[in-house]
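Asks: The file below is data-v7.pdb, PDB, C-alpha atoms:
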```pdb
ATOM      1  CA  MET A   1     -39.260 -21.216 -39.187
ATOM      2  CA  PHE A   2     -38.292 -17.787 -37.801
ATOM      3  CA  ARG A   3     -38.931 -18.959 -34.246
ATOM      4  CA  ILE A   4     -36.808 -22.041 -34.793
ATOM      5  CA  ALA A   5     -33.945 -19.966 -36.215
ATOM      6  CA  LEU A   6     -34.184 -17.470 -33.345
ATOM      7  CA  PHE A   7     -34.128 -20.270 -30.770
ATOM      8  CA  ALA A   8     -31.074 -21.788 -32.447
ATOM      9  CA  LEU A   9     -29.309 -18.408 -32.375
ATOM     10  CA  VAL A  10     -30.069 -17.895 -28.671
ATOM     11  CA  ALA A  11     -28.853 -21.419 -27.902
ATOM     12  CA  LEU A  12     -25.647 -20.792 -29.845
ATOM     13  CA  VAL A  13     -24.966 -17.528 -27.978
ATOM     14  CA  ALA A  14     -25.633 -19.218 -24.626
ATOM     15  CA  ALA A  15     -23.284 -22.044 -25.515
ATOM     16  CA  CYS A  16     -20.519 -19.597 -26.461
ATOM     17  CA  LYS A  17     -20.840 -17.580 -23.258
ATOM     18  CA  LYS A  18     -18.369 -18.710 -20.638
ATOM     19  CA  ASP A  19     -18.866 -18.650 -16.896
ATOM     20  CA  PRO A  20     -16.762 -16.154 -14.899
ATOM     21  CA  VAL A  21     -13.378 -17.480 -13.800
ATOM     22  CA  THR A  22     -11.826 -16.918 -10.364
ATOM     23  CA  LEU A  23      -8.176 -15.861 -10.460
ATOM     24  CA  SER A  24      -6.244 -16.465  -7.254
ATOM     25  CA  PHE A  25      -2.552 -15.771  -6.679
ATOM     26  CA  GLY A  26      -0.123 -14.316  -4.179
ATOM     27  CA  GLY A  27       3.502 -13.825  -3.233
ATOM     28  CA  GLU A  28       5.839 -11.748  -1.114
ATOM     29  CA  THR A  29       6.011  -7.961  -0.891
ATOM     30  CA  MET A  30       6.834  -5.213   1.612
ATOM     31  CA  GLY A  31       8.388  -7.700   4.035
ATOM     32  CA  THR A  32       5.121  -9.653   4.200
ATOM     33  CA  THR A  33       2.801 -11.528   1.825
ATOM     34  CA  TYR A  34       0.070 -10.498  -0.561
ATOM     35  CA  ASN A  35      -2.956 -12.378  -1.878
ATOM     36  CA  VAL A  36      -5.394 -11.520  -4.646
ATOM     37  CA  VAL A  37      -8.704 -13.186  -5.480
ATOM     38  CA  ALA A  38     -10.391 -11.652  -8.516
ATOM     39  CA  ILE A  39     -13.314 -12.609 -10.735
ATOM     40  CA  ASP A  40     -12.732 -12.507 -14.498
ATOM     41  CA  PRO A  41     -16.224 -12.018 -15.967
ATOM     42  CA  SER A  42     -14.989 -12.529 -19.532
ATOM     43  CA  ALA A  43     -13.151 -15.782 -18.737
ATOM     44  CA  LYS A  44     -10.565 -14.608 -21.249
ATOM     45  CA  LEU A  45      -7.826 -13.121 -19.059
ATOM     46  CA  ASN A  46      -4.508 -14.858 -18.584
ATOM     47  CA  ALA A  47      -3.839 -15.265 -14.856
ATOM     48  CA  ASP A  48      -0.082 -14.932 -15.393
ATOM     49  CA  ASP A  49      -0.559 -11.603 -17.176
ATOM     50  CA  VAL A  50      -2.727 -10.249 -14.360
ATOM     51  CA  GLN A  51      -0.263 -11.384 -11.692
ATOM     52  CA  ALA A  52       2.656  -9.874 -13.621
ATOM     53  CA  ALA A  53       0.828  -6.531 -13.752
ATOM     54  CA  VAL A  54       0.043  -6.696 -10.018
ATOM     55  CA  GLU A  55       3.645  -7.518  -9.134
ATOM     56  CA  ALA A  56       4.909  -4.684 -11.339
ATOM     57  CA  THR A  57       2.620  -2.362  -9.374
ATOM     58  CA  LEU A  58       3.934  -3.690  -6.061
ATOM     59  CA  THR A  59       7.525  -3.329  -7.238
ATOM     60  CA  LYS A  60       6.846   0.330  -8.004
ATOM     61  CA  VAL A  61       5.259   0.871  -4.579
ATOM     62  CA  ASN A  62       8.256  -0.748  -2.879
ATOM     63  CA  ALA A  63      10.654   1.412  -4.871
ATOM     64  CA  GLY A  64       9.038   4.443  -3.331
ATOM     65  CA  MET A  65       7.920   3.402   0.150
ATOM     66  CA  SER A  66      10.083   0.520   1.413
ATOM     67  CA  ASN A  67      12.405   1.236   4.340
ATOM     68  CA  TRP A  68      13.996  -2.183   3.707
ATOM     69  CA  ASP A  69      15.288  -1.099   0.298
ATOM     70  CA  PRO A  70      18.313   1.210   0.716
ATOM     71  CA  ASN A  71      17.687   2.612  -2.763
ATOM     72  CA  SER A  72      13.988   3.371  -2.312
ATOM     73  CA  GLU A  73      12.743   6.930  -2.393
ATOM     74  CA  VAL A  74      12.015   7.021   1.331
ATOM     75  CA  SER A  75      15.416   5.505   2.210
ATOM     76  CA  LEU A  76      17.255   8.048   0.074
ATOM     77  CA  PHE A  77      15.275  10.856   1.705
ATOM     78  CA  ASN A  78      16.181   9.538   5.150
ATOM     79  CA  ALA A  79      19.863   9.198   4.234
ATOM     80  CA  ALA A  80      20.138  12.736   2.871
ATOM     81  CA  GLN A  81      21.919  14.878   5.461
ATOM     82  CA  THR A  82      20.214  18.103   4.482
ATOM     83  CA  SER A  83      17.304  20.247   5.533
ATOM     84  CA  GLU A  84      16.862  21.616   2.015
ATOM     85  CA  PRO A  85      13.670  20.671   0.120
ATOM     86  CA  GLN A  86      14.045  17.399  -1.750
ATOM     87  CA  SER A  87      12.105  16.503  -4.884
ATOM     88  CA  VAL A  88       9.593  13.676  -4.415
ATOM     89  CA  THR A  89       7.408  11.778  -6.862
ATOM     90  CA  PRO A  90       3.670  12.520  -7.055
ATOM     91  CA  GLU A  91       3.007   9.086  -5.526
ATOM     92  CA  PHE A  92       5.252   9.790  -2.550
ATOM     93  CA  ALA A  93       3.695  13.222  -2.088
ATOM     94  CA  LYS A  94       0.217  11.645  -2.171
ATOM     95  CA  VAL A  95       1.108   9.189   0.602
ATOM     96  CA  MET A  96       2.750  11.899   2.706
ATOM     97  CA  ALA A  97      -0.308  14.148   2.296
ATOM     98  CA  ALA A  98      -2.492  11.286   3.541
ATOM     99  CA  ALA A  99      -0.074  10.667   6.425
ATOM    100  CA  ASN A 100      -0.240  14.335   7.381
ATOM    101  CA  GLU A 101      -4.039  14.227   7.403
ATOM    102  CA  VAL A 102      -4.121  11.124   9.640
ATOM    103  CA  HIS A 103      -1.503  12.772  11.872
ATOM    104  CA  ARG A 104      -3.794  15.799  12.215
ATOM    105  CA  LEU A 105      -6.969  13.823  12.815
ATOM    106  CA  SER A 106      -5.281  11.579  15.390
ATOM    107  CA  GLU A 107      -3.842  14.617  17.179
ATOM    108  CA  GLY A 108      -0.312  13.350  16.584
ATOM    109  CA  GLN A 109      -0.862   9.727  17.637
ATOM    110  CA  PHE A 110      -0.084   8.609  14.083
ATOM    111  CA  ASP A 111       3.428   9.791  13.257
ATOM    112  CA  VAL A 112       5.686   8.575  10.435
ATOM    113  CA  THR A 113       8.772  10.125  12.073
ATOM    114  CA  LEU A 114       8.769   7.955  15.226
ATOM    115  CA  GLY A 115      11.499   5.644  13.952
ATOM    116  CA  PRO A 116      14.207   6.858  16.363
ATOM    117  CA  LEU A 117      11.942   6.255  19.369
ATOM    118  CA  ILE A 118      10.804   2.871  18.042
ATOM    119  CA  GLU A 119      14.403   1.770  17.694
ATOM    120  CA  LEU A 120      15.394   3.255  21.041
ATOM    121  CA  TRP A 121      12.747   1.280  22.920
ATOM    122  CA  GLY A 122      13.636  -1.958  21.140
ATOM    123  CA  PHE A 123      10.553  -2.299  18.930
ATOM    124  CA  GLY A 124      12.469  -1.990  15.667
ATOM    125  CA  ALA A 125      15.210  -3.993  13.974
ATOM    126  CA  ARG A 126      17.817  -3.145  16.607
ATOM    127  CA  ASN A 127      17.852  -4.898  19.978
ATOM    128  CA  SER A 128      17.553  -2.467  22.836
ATOM    129  CA  GLU A 129      20.592  -2.398  25.106
ATOM    130  CA  SER A 130      18.367  -1.600  28.063
ATOM    131  CA  PRO A 131      14.635  -2.088  28.655
ATOM    132  CA  ILE A 132      14.445   1.587  29.650
ATOM    133  CA  PRO A 133      16.598   3.996  27.597
ATOM    134  CA  PRO A 134      18.424   6.794  29.419
ATOM    135  CA  ASP A 135      16.702  10.159  29.616
ATOM    136  CA  ASP A 136      19.261  11.925  27.438
ATOM    137  CA  ALA A 137      18.771   9.372  24.640
ATOM    138  CA  ILE A 138      15.002   9.792  24.828
ATOM    139  CA  LYS A 139      15.352  13.574  24.688
ATOM    140  CA  ALA A 140      17.678  13.376  21.686
ATOM    141  CA  ALA A 141      15.178  11.169  19.841
ATOM    142  CA  LEU A 142      12.248  13.417  20.733
ATOM    143  CA  ASP A 143      14.096  16.399  19.268
ATOM    144  CA  VAL A 144      13.903  14.934  15.734
ATOM    145  CA  VAL A 145      10.373  13.441  15.749
ATOM    146  CA  GLY A 146       6.880  14.899  15.392
ATOM    147  CA  GLN A 147       5.992  15.088  11.721
ATOM    148  CA  ALA A 148       3.981  18.306  12.002
ATOM    149  CA  LYS A 149       7.049  20.169  13.218
ATOM    150  CA  VAL A 150       9.917  18.340  11.490
ATOM    151  CA  LEU A 151       8.504  17.726   7.980
ATOM    152  CA  THR A 152       7.297  20.237   5.406
ATOM    153  CA  LEU A 153       5.471  18.974   2.339
ATOM    154  CA  ASP A 154       4.928  21.243  -0.645
ATOM    155  CA  ALA A 155       2.704  19.090  -2.846
ATOM    156  CA  ASP A 156       2.401  21.765  -5.548
ATOM    157  CA  ALA A 157       6.181  22.067  -5.865
ATOM    158  CA  GLY A 158       6.677  18.336  -5.388
ATOM    159  CA  THR A 159       9.119  18.714  -2.516
ATOM    160  CA  LEU A 160       9.533  17.473   1.033
ATOM    161  CA  SER A 161      11.955  18.866   3.579
ATOM    162  CA  LYS A 162      12.983  17.993   7.124
ATOM    163  CA  THR A 163      13.864  20.455   9.827
ATOM    164  CA  TYR A 164      16.645  18.249  11.187
ATOM    165  CA  GLU A 165      19.057  16.211   9.119
ATOM    166  CA  ASP A 166      18.582  13.177  11.383
ATOM    167  CA  THR A 167      14.803  13.064  10.928
ATOM    168  CA  SER A 168      13.654   9.887   9.182
ATOM    169  CA  ILE A 169      10.371   8.608   7.771
ATOM    170  CA  TYR A 170       8.893   5.121   8.238
ATOM    171  CA  LEU A 171       5.853   4.424   6.081
ATOM    172  CA  ALA A 172       5.052   0.858   7.167
ATOM    173  CA  ALA A 173       1.774   1.923   8.781
ATOM    174  CA  ILE A 174       0.393   3.510   5.615
ATOM    175  CA  ALA A 175       2.322   2.091   2.633
ATOM    176  CA  LYS A 176       0.486  -1.248   2.632
ATOM    177  CA  GLY A 177      -2.835   0.568   2.492
ATOM    178  CA  TYR A 178      -1.559   2.566  -0.451
ATOM    179  CA  GLY A 179      -0.336  -0.679  -1.985
ATOM    180  CA  VAL A 180      -3.729  -2.399  -1.875
ATOM    181  CA  ASP A 181      -5.339   0.666  -3.462
ATOM    182  CA  GLU A 182      -2.790   0.591  -6.285
ATOM    183  CA  VAL A 183      -3.334  -3.134  -6.850
ATOM    184  CA  ALA A 184      -7.087  -2.504  -6.964
ATOM    185  CA  ALA A 185      -6.507   0.173  -9.603
ATOM    186  CA  THR A 186      -4.428  -2.322 -11.599
ATOM    187  CA  LEU A 187      -7.238  -4.903 -11.497
ATOM    188  CA  ALA A 188      -9.688  -2.238 -12.640
ATOM    189  CA  LYS A 189      -7.574  -1.763 -15.775
ATOM    190  CA  PHE A 190      -8.430  -5.382 -16.620
ATOM    191  CA  GLU A 191     -12.124  -4.433 -16.241
ATOM    192  CA  MET A 192     -12.516  -6.513 -13.092
ATOM    193  CA  THR A 193     -14.986  -5.194 -10.536
ATOM    194  CA  ASP A 194     -15.158  -8.141  -8.109
ATOM    195  CA  TYR A 195     -11.982  -8.740  -6.117
ATOM    196  CA  LEU A 196     -10.284  -8.981  -2.754
ATOM    197  CA  VAL A 197      -6.722  -7.720  -2.224
ATOM    198  CA  ASP A 198      -4.747  -8.427   0.953
ATOM    199  CA  ILE A 199      -1.260  -7.178   1.795
ATOM    200  CA  GLY A 200      -0.191  -8.314   5.240
ATOM    201  CA  GLY A 201      -3.682  -7.794   6.656
ATOM    202  CA  ASP A 202      -4.433  -4.505   4.877
ATOM    203  CA  LEU A 203      -7.485  -5.195   2.713
ATOM    204  CA  VAL A 204      -9.598  -3.767  -0.065
ATOM    205  CA  THR A 205     -12.645  -5.458  -1.590
ATOM    206  CA  SER A 206     -15.008  -4.670  -4.426
ATOM    207  CA  GLY A 207     -18.217  -6.285  -5.576
ATOM    208  CA  ASN A 208     -18.943  -9.910  -4.709
ATOM    209  CA  ASN A 209     -17.135 -13.234  -4.484
ATOM    210  CA  ALA A 210     -17.445 -16.159  -6.921
ATOM    211  CA  GLU A 211     -20.760 -17.200  -5.339
ATOM    212  CA  GLY A 212     -22.201 -13.747  -5.950
ATOM    213  CA  GLU A 213     -22.165 -12.955  -2.236
ATOM    214  CA  PRO A 214     -20.399 -10.147  -0.347
ATOM    215  CA  TRP A 215     -16.787 -10.888   0.554
ATOM    216  CA  ARG A 216     -16.425 -12.285   4.071
ATOM    217  CA  ILE A 217     -13.353 -11.209   6.047
ATOM    218  CA  GLY A 218     -12.119 -13.191   9.034
ATOM    219  CA  ILE A 219     -10.223 -11.288  11.714
ATOM    220  CA  GLU A 220      -7.876 -13.465  13.754
TER     221      GLU A 220
END
```
Translate this file's structure into structure tokens.

Replies:
Amino acid sequence: MFRIALFALVALVAACKKDPVTLSFGGETMGTTYNVVAIDPSAKLNADDVQAAVEATLTKVNAGMSNWDPNSEVSLFNAAQTSEPQSVTPEFAKVMAAANEVHRLSEGQFDVTLGPLIELWGFGARNSESPIPPDDAIKAALDVVGQAKVLTLDADAGTLSKTYEDTSIYLAAIAKGYGVDEVAATLAKFEMTDYLVDIGGDLVTSGNNAEGEPWRIGIE
């Protein structure tokens, strides 16, 4: 009788246990698109709630890092015509500290202050008036770029200052990477450990896909 009761209990528990559910959603952010595929092991999460949390995270990232938003933290820093230290959020300071480290390791090849030169050569939003800018325009742009010499971050004080008032910061090359990390942290709050997050080609993965296999990434 005990064995029969135990078997019935095990069968009941097995019947109540639900298979993991794959949540898949996406949208627009940072001037590009994002996509999330995440495995809900409990099969109890509401996909709309998870997506709302992810989009709230992305909205916060954009509010700090987007050069397309005139009211973002980076845009307000760029617009400020002052060389005095400006207060920055811990998130902004974290990204700038990472940018400074990549700048150092790349021996200056990675530089978040190159906006004036990018625009001057016609690779930005403005159309170049000439395929080759005049020497004086190039010199003027070079005077305000080079993040190691024109930006000073004081992470402890939570401030960032620029040597020249016309210096500007463009975070497109690092903000998406920060964004996928923040989305991953948001998914972790829902106790998900298997996911893939993509923002415009910047990726982060954890665990395995729905088939229990490592995530496979195609590079076009």

Asks: Please indicate the distance in Å from atom CA of A:Val50 to atom CA of A:Asn208, rounded to one decimal place.

Replies: 18.9 Å

Asks: Starting from the shown file, work through the PyMOL selection byres ((chain A and resi 22-36) around 10) and note down what comes out as a VMD selection string.

Replies: chain A and resid 19 to 21 37 to 41 43 45 to 48 50 to 51 54 to 55 58 to 59 61 to 62 65 to 69 172 175 to 176 179 to 180 183 to 184 187 194 to 205 209 to 210

Asks: Determine the residue membership of the PyMOL selection byres ((chain A and resi 156) around 12) for the file above and supply it as a PyMOL selection string.

Replies: chain A and resi 87-90+93-94+97+153-155+157-160

Asks: Write the selection just made, keeping C-alpha atoms, as a tab-separated table (two decimals), keeping the file's coordinate frame?

Replies:
```
chain	number	residue	atom	x	y	z
A	87	SER	CA	12.10	16.50	-4.88
A	88	VAL	CA	9.59	13.68	-4.42
A	89	THR	CA	7.41	11.78	-6.86
A	90	PRO	CA	3.67	12.52	-7.06
A	93	ALA	CA	3.70	13.22	-2.09
A	94	LYS	CA	0.22	11.64	-2.17
A	97	ALA	CA	-0.31	14.15	2.30
A	153	LEU	CA	5.47	18.97	2.34
A	154	ASP	CA	4.93	21.24	-0.64
A	155	ALA	CA	2.70	19.09	-2.85
A	157	ALA	CA	6.18	22.07	-5.86
A	158	GLY	CA	6.68	18.34	-5.39
A	159	THR	CA	9.12	18.71	-2.52
A	160	LEU	CA	9.53	17.47	1.03
```

Asks: Expressed in Å to a single decimal, how great is the separation between atom CA of A:Glu73 and atom CA of A:Glu91?

Replies: 10.5 Å

Asks: Please, what distance in Å, to one decimal, runs between atom CA of A:Gly207 and atom CA of A:Asp49?

Replies: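 For atom CA of A:Gly207 relative to atom CA of A:Asp49, the distance reads 21.8 Å.
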
Asks: So which residues touch A:Gly64 within 7 Å, counting all atoms listed in the file, skipping near sequence neighbours fewer than 4 positions away, as a ChimeraX atom specification?

Replies: /A:60,72-74,92

Asks: Please write as a list in words the full residue list that the PyMOL selection byres ((chain A and resi 100) around 9) yields on this file.

Replies: Val95, Met96, Ala97, Ala98, Ala99, Glu101, Val102, His103, Arg104, Leu105, Phe110, Asp111, Val112, Gln147, Ala148 and Leu153 of chain A

Asks: What are the centre and the three edge lengths of an axis-aligned box that wraps all atoms of stretch 151-161 of chain A in the file, given that 4 Å is added to every side, written as AutoDock Vina command-line options and rounded to one decimal in Å?

Replies:
```
--center_x 7.2 --center_y 19.8 --center_z 1.1 --size_x 17.6 --size_y 12.6 --size_z 21.8
```

Asks: Which residue gives the smallest distance to A:Val150 among A:Thr186, A:Ser83, A:Thr57, A:Ser42, with only C-alpha atoms counted?

Replies: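 Ranking A:Thr186, A:Ser83, A:Thr57, A:Ser42 by distance to A:Val150, first place goes to A:Ser83.
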
Asks: May I ask which of the residues A:Pro70, A:Leu151, A:Phe190, A:Ile169 is the closest one to A:Leu117, counting all atoms listed in the file?

Replies: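 For A:Leu117, the nearest of the candidates is A:Ile169.
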
Asks: Generate N, CA, C and O atoms for stretch 35-52 of chain A and emit them as a short mmCIF file (atom, residue, chain, number, x, y, z; two decimals), in the frame of the given file.

Replies:
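The resulting file, selection.cif, is shown below:
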```
data_model
loop_
_atom_site.label_atom_id
_atom_site.label_comp_id
_atom_site.auth_asym_id
_atom_site.auth_seq_id
_atom_site.Cartn_x
_atom_site.Cartn_y
_atom_site.Cartn_z
N ASN A 35 -2.06 -11.42 -1.25
CA ASN A 35 -2.96 -12.38 -1.88
C ASN A 35 -4.04 -11.62 -2.64
O ASN A 35 -4.56 -10.61 -2.15
N VAL A 36 -4.36 -12.12 -3.81
CA VAL A 36 -5.39 -11.52 -4.65
C VAL A 36 -6.37 -12.61 -5.08
O VAL A 36 -5.95 -13.68 -5.52
N VAL A 37 -7.65 -12.35 -4.92
CA VAL A 37 -8.70 -13.19 -5.48
C VAL A 37 -9.57 -12.26 -6.32
O VAL A 37 -10.13 -11.29 -5.80
N ALA A 38 -9.66 -12.55 -7.62
CA ALA A 38 -10.39 -11.65 -8.52
C ALA A 38 -11.24 -12.47 -9.49
O ALA A 38 -10.83 -13.55 -9.92
N ILE A 39 -12.39 -11.93 -9.83
CA ILE A 39 -13.31 -12.61 -10.74
C ILE A 39 -13.16 -12.03 -12.14
O ILE A 39 -13.31 -10.82 -12.34
N ASP A 40 -12.84 -12.91 -13.09
CA ASP A 40 -12.73 -12.51 -14.50
C ASP A 40 -14.06 -12.79 -15.18
O ASP A 40 -14.36 -13.94 -15.52
N PRO A 41 -14.89 -11.78 -15.40
CA PRO A 41 -16.22 -12.02 -15.97
C PRO A 41 -16.18 -12.50 -17.42
O PRO A 41 -17.09 -13.17 -17.88
N SER A 42 -15.10 -12.15 -18.12
CA SER A 42 -14.99 -12.53 -19.53
C SER A 42 -14.44 -13.94 -19.72
O SER A 42 -14.60 -14.53 -20.79
N ALA A 43 -13.81 -14.46 -18.67
CA ALA A 43 -13.15 -15.78 -18.74
C ALA A 43 -12.10 -15.82 -19.84
O ALA A 43 -11.78 -16.89 -20.36
N LYS A 44 -11.55 -14.67 -20.17
CA LYS A 44 -10.56 -14.61 -21.25
C LYS A 44 -9.19 -14.15 -20.78
O LYS A 44 -8.22 -14.20 -21.53
N LEU A 45 -9.09 -13.67 -19.54
CA LEU A 45 -7.83 -13.12 -19.06
C LEU A 45 -6.84 -14.23 -18.74
O LEU A 45 -7.22 -15.32 -18.29
N ASN A 46 -5.57 -13.93 -18.95
CA ASN A 46 -4.51 -14.86 -18.58
C ASN A 46 -4.06 -14.53 -17.16
O ASN A 46 -3.64 -13.41 -16.88
N ALA A 47 -4.17 -15.51 -16.26
CA ALA A 47 -3.84 -15.26 -14.86
C ALA A 47 -2.41 -14.80 -14.68
O ALA A 47 -2.12 -13.94 -13.84
N ASP A 48 -1.49 -15.33 -15.49
CA ASP A 48 -0.08 -14.93 -15.39
C ASP A 48 0.10 -13.47 -15.77
O ASP A 48 0.91 -12.76 -15.17
N ASP A 49 -0.66 -13.01 -16.76
CA ASP A 49 -0.56 -11.60 -17.18
C ASP A 49 -1.07 -10.68 -16.07
O ASP A 49 -0.48 -9.62 -15.81
N VAL A 50 -2.17 -11.07 -15.44
CA VAL A 50 -2.73 -10.25 -14.36
C VAL A 50 -1.76 -10.21 -13.18
O VAL A 50 -1.50 -9.14 -12.62
N GLN A 51 -1.20 -11.36 -12.81
CA GLN A 51 -0.26 -11.38 -11.69
C GLN A 51 0.98 -10.57 -12.00
O GLN A 51 1.50 -9.87 -11.13
N ALA A 52 1.47 -10.66 -13.24
CA ALA A 52 2.66 -9.87 -13.62
C ALA A 52 2.38 -8.38 -13.48
O ALA A 52 3.25 -7.62 -13.01
#
```
